[in-house]
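Asker: A single structure is presented below for examination.
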Amino acid sequence: MDDRYGTDVLARGWRDAGRKKAAEVAASVDLVVEVAGDGFCGAVTRLDGMHVELEDRLGRRRLFPLGGGFLVDGEPVVLVAPAAAPKGRTRTASGSFAAPDQRARTARASRILVEGKHDAELVEKVWGADLRAEGVVVEFLEGVDLLEQTLDAEPPTAERRYGVLVDHLVPHSKESRIAEKIARGRHGAHVRIVGHPFVDVWQCVTPRALGIAAWPQVPRDIEWKVGVCRALGWPAEEQADLARAWQHILSRVTTFRDLEPALLGRVEELIDFVTVP
């Protein structure tokens with residue numbers, strides 16, 4: 001004999017027998033949704049935790065908990081959070097594709113030398129991930145005048161190459177004379193000296209990144225960084241003021257697009273030089 005009431009009147013879901021199950025719909029932005037309880041109708045604008053925000057045609061916005069109680073095209077639905085988008089290949093600040101998560105390589109004997117702390121910090125900010133992946137260490141010289149004695153102390157070889165980044169490397173400058181002398185000397189075969197044309201590495205940051213029209217012109221009788229700070233209305237009375245100014249400049253650099261091409265190409269050239277097998 002058939003039992004039309006079933007065998008267990010207390011079984012879960014007995015009230016929903018025969019009812020159409022509401023479909024789950026991702027609460028994606030711009031989806032038009034009606035709230036079944038009060039008729040509020042609007043487009044999804046954002047998710048806030050486990051709540052969805054709807055905006056109606058008059059610009060009014062309300063938050064509702066995700067779940068049931070909604071209609072889409074007149075049909076009951078259960079709103080759920082959209083699935084996370086699959087992650088594609090990410091890029092480093094230098095624009096290179098980031099390598100899969102891995103431990104940094106053991107440091108190479110070859111290295112990159114820069115003139116000062118600010119140069120090193122800027123290179124680290126943009127190329128740090130690439131350098132760690134390649135095992136390249138960046139050291140600073142505290143001035144190109146010390147380059148020759150640094151090379152004499154630890155002479156470069158085919159297995160220990162030095163790439164050197166110099167400020168204000170323009171024809172007939174002190175920097176160019178030092179670079180030419182070393183290139184002709186006994187260390188020249190395993191050293192690559194390149195540079196940018198700017199007075200200081202500060203200028204390698206584009207004016208656009210700082211929100212200024214151009215870097216100020218500073219008279220020769222005024223120390224360049226002091227003159228820049230004064231022209232931009234920044235404190236410049238003591239060394240700590242200049243340090244804060246640099247930290248502000250560095251904070252505006254997030255990717256290679258915030259740097260001048262005259263620096264970008266030179267750093268990439270040095271990385272290639274010191275990572276040659």
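Please note that chains go A, B, ... in the order of the structure tokens, that every chain numbers its residues from 1, and that ligands are numbered from 1 in the order shown.
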List as a tab-separated table every residue of segment 53-144 of chain A that is in contact with segment 150-165 of chain A, defined as an atom at most 6 Å from one of its atoms (using only C-alpha atoms), together with the nearest atom pair and the distance in Å rounded to one decimal, sorted by chain and then rising number.
Answerer:
residue	atom	partner	partner_atom	distance
A:Ala109	CA	A:Arg160	CA	5.0
A:Ser110	CA	A:Arg160	CA	4.3
A:Arg111	CA	A:Tyr162	CA	5.3
A:Ile112	CA	A:Gly163	CA	4.6
A:Leu113	CA	A:Val164	CA	4.7
A:Val114	CA	A:Leu165	CA	4.9
Asker: If you count only C-alpha atoms, which residues fall within 6 Å of segment 191-206 of chain A, apart from same-chain ones fewer than 2 positions away, as a list in words?
Answerer: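 The neighbour list is Arg161, Tyr162, Gly163, Val164, Leu165, Val166, Asp167, His168, Leu169, Val170, Gly188, Ala189, Arg208, Ala209, Asp258, Leu259, Glu260, Ala262 and Leu263 of chain A.
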Asker: For the selection just defined, write its residues with N, CA, C and O atoms to a file, as a PDB file, in the first residue's frame.
Answerer:
ATOM      1  N   ARG A 161      82.013  39.854 -11.449  1.00  0.00           N
ATOM      2  CA  ARG A 161      81.885  41.081 -12.240  1.00  0.00           C
ATOM      3  C   ARG A 161      81.286  42.193 -11.391  1.00  0.00           C
ATOM      4  O   ARG A 161      80.536  41.929 -10.453  1.00  0.00           O
ATOM      5  N   TYR A 162      81.605  43.416 -11.766  1.00  0.00           N
ATOM      6  CA  TYR A 162      81.051  44.575 -11.081  1.00  0.00           C
ATOM      7  C   TYR A 162      80.301  45.440 -12.094  1.00  0.00           C
ATOM      8  O   TYR A 162      80.859  45.850 -13.118  1.00  0.00           O
ATOM      9  N   GLY A 163      79.056  45.719 -11.781  1.00  0.00           N
ATOM     10  CA  GLY A 163      78.310  46.719 -12.525  1.00  0.00           C
ATOM     11  C   GLY A 163      78.230  47.969 -11.673  1.00  0.00           C
ATOM     12  O   GLY A 163      77.919  47.885 -10.477  1.00  0.00           O
ATOM     13  N   VAL A 164      78.502  49.123 -12.241  1.00  0.00           N
ATOM     14  CA  VAL A 164      78.600  50.361 -11.466  1.00  0.00           C
ATOM     15  C   VAL A 164      77.640  51.398 -12.043  1.00  0.00           C
ATOM     16  O   VAL A 164      77.667  51.691 -13.239  1.00  0.00           O
ATOM     17  N   LEU A 165      76.789  51.955 -11.172  1.00  0.00           N
ATOM     18  CA  LEU A 165      75.841  52.997 -11.561  1.00  0.00           C
ATOM     19  C   LEU A 165      76.320  54.330 -11.010  1.00  0.00           C
ATOM     20  O   LEU A 165      76.528  54.470  -9.806  1.00  0.00           O
ATOM     21  N   VAL A 166      76.502  55.300 -11.900  1.00  0.00           N
ATOM     22  CA  VAL A 166      77.097  56.590 -11.518  1.00  0.00           C
ATOM     23  C   VAL A 166      76.123  57.727 -11.808  1.00  0.00           C
ATOM     24  O   VAL A 166      75.470  57.750 -12.852  1.00  0.00           O
ATOM     25  N   ASP A 167      76.047  58.671 -10.877  1.00  0.00           N
ATOM     26  CA  ASP A 167      75.257  59.886 -11.099  1.00  0.00           C
ATOM     27  C   ASP A 167      76.028  60.846 -12.010  1.00  0.00           C
ATOM     28  O   ASP A 167      77.263  60.899 -11.975  1.00  0.00           O
ATOM     29  N   HIS A 168      75.281  61.622 -12.786  1.00  0.00           N
ATOM     30  CA  HIS A 168      75.846  62.713 -13.591  1.00  0.00           C
ATOM     31  C   HIS A 168      76.990  62.240 -14.489  1.00  0.00           C
ATOM     32  O   HIS A 168      78.062  62.854 -14.552  1.00  0.00           O
ATOM     33  N   LEU A 169      76.760  61.125 -15.189  1.00  0.00           N
ATOM     34  CA  LEU A 169      77.774  60.607 -16.104  1.00  0.00           C
ATOM     35  C   LEU A 169      77.568  61.250 -17.467  1.00  0.00           C
ATOM     36  O   LEU A 169      76.880  60.726 -18.335  1.00  0.00           O
ATOM     37  N   VAL A 170      78.181  62.425 -17.647  1.00  0.00           N
ATOM     38  CA  VAL A 170      78.073  63.187 -18.887  1.00  0.00           C
ATOM     39  C   VAL A 170      79.480  63.501 -19.377  1.00  0.00           C
ATOM     40  O   VAL A 170      80.446  63.468 -18.605  1.00  0.00           O
ATOM     41  N   GLY A 188      89.203  46.880 -16.305  1.00  0.00           N
ATOM     42  CA  GLY A 188      88.169  47.247 -17.271  1.00  0.00           C
ATOM     43  C   GLY A 188      87.410  46.094 -17.906  1.00  0.00           C
ATOM     44  O   GLY A 188      86.219  46.219 -18.199  1.00  0.00           O
ATOM     45  N   ALA A 189      88.064  44.946 -18.105  1.00  0.00           N
ATOM     46  CA  ALA A 189      87.419  43.834 -18.814  1.00  0.00           C
ATOM     47  C   ALA A 189      86.225  43.268 -18.061  1.00  0.00           C
ATOM     48  O   ALA A 189      85.295  42.724 -18.678  1.00  0.00           O
ATOM     49  N   ARG A 208      56.123  63.849 -12.753  1.00  0.00           N
ATOM     50  CA  ARG A 208      54.725  63.407 -12.695  1.00  0.00           C
ATOM     51  C   ARG A 208      54.445  62.586 -11.440  1.00  0.00           C
ATOM     52  O   ARG A 208      53.397  62.747 -10.810  1.00  0.00           O
ATOM     53  N   ALA A 209      55.386  61.718 -11.061  1.00  0.00           N
ATOM     54  CA  ALA A 209      55.180  60.897  -9.866  1.00  0.00           C
ATOM     55  C   ALA A 209      55.064  61.752  -8.619  1.00  0.00           C
ATOM     56  O   ALA A 209      54.386  61.387  -7.658  1.00  0.00           O
ATOM     57  N   ASP A 258      57.476  55.205 -12.734  1.00  0.00           N
ATOM     58  CA  ASP A 258      57.732  56.432 -11.977  1.00  0.00           C
ATOM     59  C   ASP A 258      59.178  56.890 -12.106  1.00  0.00           C
ATOM     60  O   ASP A 258      59.571  57.866 -11.465  1.00  0.00           O
ATOM     61  N   LEU A 259      59.972  56.195 -12.932  1.00  0.00           N
ATOM     62  CA  LEU A 259      61.383  56.543 -13.106  1.00  0.00           C
ATOM     63  C   LEU A 259      61.657  56.975 -14.542  1.00  0.00           C
ATOM     64  O   LEU A 259      60.976  56.574 -15.480  1.00  0.00           O
ATOM     65  N   GLU A 260      62.700  57.776 -14.688  1.00  0.00           N
ATOM     66  CA  GLU A 260      63.097  58.253 -16.009  1.00  0.00           C
ATOM     67  C   GLU A 260      63.736  57.114 -16.818  1.00  0.00           C
ATOM     68  O   GLU A 260      64.492  56.303 -16.277  1.00  0.00           O
ATOM     69  N   ALA A 262      66.180  57.184 -18.690  1.00  0.00           N
ATOM     70  CA  ALA A 262      67.638  57.259 -18.639  1.00  0.00           C
ATOM     71  C   ALA A 262      68.221  56.411 -17.514  1.00  0.00           C
ATOM     72  O   ALA A 262      69.384  55.996 -17.580  1.00  0.00           O
ATOM     73  N   LEU A 263      67.447  56.144 -16.475  1.00  0.00           N
ATOM     74  CA  LEU A 263      67.893  55.261 -15.398  1.00  0.00           C
ATOM     75  C   LEU A 263      67.470  53.820 -15.670  1.00  0.00           C
ATOM     76  O   LEU A 263      68.238  52.881 -15.438  1.00  0.00           O
TER      77      LEU A 263
END
Asker: Counting only C-alpha atoms, what is within 12 Å of Ala231 of chain A, bar same-chain residues fewer than 2 positions away, as number ranges by chain?
Answerer: A: 212, 214-219, 222, 224-229, 233-236
Asker: From a DSSP pass on the backbone, collect the residues of segment 160-275 of chain A flagged as strand (DSSP E or B) and hand them back as number ranges by chain.
Answerer: A: 162-166, 191-195, 205, 259
Asker: Would you mind exporting the chosen residues as a CSV table (one decimal), in the first residue's frame, restricted to all heavy atoms?
Answerer:
chain,number,residue,atom,x,y,z
A,162,TYR,N,81.6,43.4,-11.8
A,162,TYR,CA,81.1,44.6,-11.1
A,162,TYR,C,80.3,45.4,-12.1
A,162,TYR,O,80.9,45.8,-13.1
A,162,TYR,CB,82.1,45.4,-10.4
A,162,TYR,CG,82.8,44.8,-9.2
A,162,TYR,CD1,83.9,43.9,-9.4
A,162,TYR,CD2,82.3,45.0,-7.9
A,162,TYR,CE1,84.5,43.3,-8.3
A,162,TYR,CE2,82.9,44.4,-6.8
A,162,TYR,CZ,84.0,43.6,-7.0
A,162,TYR,OH,84.6,43.0,-5.9
A,163,GLY,N,79.1,45.7,-11.8
A,163,GLY,CA,78.3,46.7,-12.5
A,163,GLY,C,78.2,48.0,-11.7
A,163,GLY,O,77.9,47.9,-10.5
A,164,VAL,N,78.5,49.1,-12.2
A,164,VAL,CA,78.6,50.4,-11.5
A,164,VAL,C,77.6,51.4,-12.0
A,164,VAL,O,77.7,51.7,-13.2
A,164,VAL,CB,80.0,50.9,-11.5
A,164,VAL,CG1,80.1,52.1,-10.6
A,164,VAL,CG2,81.0,49.8,-11.1
A,165,LEU,N,76.8,52.0,-11.2
A,165,LEU,CA,75.8,53.0,-11.6
A,165,LEU,C,76.3,54.3,-11.0
A,165,LEU,O,76.5,54.5,-9.8
A,165,LEU,CB,74.4,52.7,-11.0
A,165,LEU,CG,73.3,53.7,-11.4
A,165,LEU,CD1,73.1,53.7,-12.9
A,165,LEU,CD2,72.1,53.4,-10.6
A,166,VAL,N,76.5,55.3,-11.9
A,166,VAL,CA,77.1,56.6,-11.5
A,166,VAL,C,76.1,57.7,-11.8
A,166,VAL,O,75.5,57.7,-12.9
A,166,VAL,CB,78.4,56.8,-12.3
A,166,VAL,CG1,79.0,58.2,-11.9
A,166,VAL,CG2,79.4,55.7,-12.0
A,191,VAL,N,84.4,45.0,-15.6
A,191,VAL,CA,83.6,46.1,-15.0
A,191,VAL,C,82.8,46.8,-16.0
A,191,VAL,O,83.3,47.1,-17.1
A,191,VAL,CB,84.5,47.1,-14.2
A,191,VAL,CG1,83.7,48.3,-13.7
A,191,VAL,CG2,85.3,46.4,-13.1
A,192,ARG,N,81.5,47.1,-15.7
A,192,ARG,CA,80.7,47.9,-16.6
A,192,ARG,C,80.2,49.1,-15.9
A,192,ARG,O,79.5,49.0,-14.8
A,192,ARG,CB,79.5,47.0,-17.1
A,192,ARG,CG,78.5,47.8,-17.9
A,192,ARG,CD,79.0,48.0,-19.4
A,192,ARG,NE,79.3,46.8,-20.0
A,192,ARG,CZ,78.5,46.0,-20.7
A,192,ARG,NH1,77.2,46.3,-20.7
A,192,ARG,NH2,78.9,44.9,-21.3
A,193,ILE,N,80.6,50.3,-16.3
A,193,ILE,CA,80.2,51.5,-15.7
A,193,ILE,C,79.2,52.3,-16.5
A,193,ILE,O,79.5,52.6,-17.7
A,193,ILE,CB,81.5,52.4,-15.4
A,193,ILE,CG1,82.5,51.7,-14.6
A,193,ILE,CG2,81.0,53.7,-14.7
A,193,ILE,CD1,83.8,52.4,-14.4
A,194,VAL,N,78.1,52.5,-16.0
A,194,VAL,CA,77.0,53.3,-16.8
A,194,VAL,C,76.5,54.3,-15.8
A,194,VAL,O,76.8,54.3,-14.6
A,194,VAL,CB,75.9,52.3,-17.2
A,194,VAL,CG1,76.4,51.2,-18.2
A,194,VAL,CG2,75.2,51.7,-16.1
A,195,GLY,N,75.7,55.2,-16.4
A,195,GLY,CA,75.2,56.3,-15.5
A,195,GLY,C,74.0,57.0,-16.2
A,195,GLY,O,73.7,56.8,-17.3
A,205,VAL,N,63.5,60.2,-10.5
A,205,VAL,CA,62.0,60.1,-10.2
A,205,VAL,C,61.3,61.1,-11.1
A,205,VAL,O,61.7,62.3,-11.1
A,205,VAL,CB,61.7,60.3,-8.8
A,205,VAL,CG1,60.2,60.2,-8.5
A,205,VAL,CG2,62.5,59.3,-7.9
A,259,LEU,N,60.0,56.2,-12.9
A,259,LEU,CA,61.4,56.5,-13.1
A,259,LEU,C,61.7,57.0,-14.5
A,259,LEU,O,61.0,56.6,-15.5
A,259,LEU,CB,62.3,55.3,-12.8
A,259,LEU,CG,62.1,54.8,-11.3
A,259,LEU,CD1,63.1,53.6,-11.2
A,259,LEU,CD2,62.4,55.9,-10.3
Asker: Give me the residues within 9 Å of segment 132-142 of chain A as a PyMOL selection string, counting only C-alpha atoms and dropping any in the same chain fewer than 3 places off.
Answerer: chain A and resi 99+102-117+119-120+123-124+127-129+145-147+150+271+274-275
Asker: What is the distance, in Å and to one decimal place, between atom CA of Val126 of chain A and atom CA of Val253 of chain A?
Answerer: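 One can read the atom CA of Val126 of chain A to atom CA of Val253 of chain A distance as 7.9 Å.
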Asker: Show me, as a list in words, the residues that have an atom within 8 Å of segment 25-28 of chain A when counting only C-alpha atoms, minus same-chain residues fewer than 6 positions from it.
Answerer: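 So the residues in contact are Val44, Arg46, Leu47, Val52, Val77, Val78, Leu79, Val80, Ala81, Pro82 and Ala83 of chain A.
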Asker: For Glu237 of chain A, which of A:Ala22, A:His172, A:Leu58, A:Glu223 is the closest residue, counting only C-alpha atoms?
Answerer: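 Between A:Ala22, A:His172, A:Leu58, A:Glu223, the residue approaching Glu237 of chain A most closely is A:Glu223.
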Asker: Which residues come within 10 Å of Leu250 of chain A, counting only C-alpha atoms, excluding same-chain residues fewer than 2 positions away, as a count of residues only?
Answerer: 17
Asker: Report the distance between atom CA of Pro65 of chain A and atom CA of Met50 of chain A in Å, rounded to one decimal place.
Answerer: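 So the two atoms, atom CA of Pro65 of chain A and atom CA of Met50 of chain A, lie 6.1 Å apart.
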Asker: From the set A:Ala84, A:Leu264, A:Asp130, A:Glu175, which residue has the shortest atom-to-atom contact distance to Gly143 of chain A, counting only C-alpha atoms?
Answerer: A:Glu175
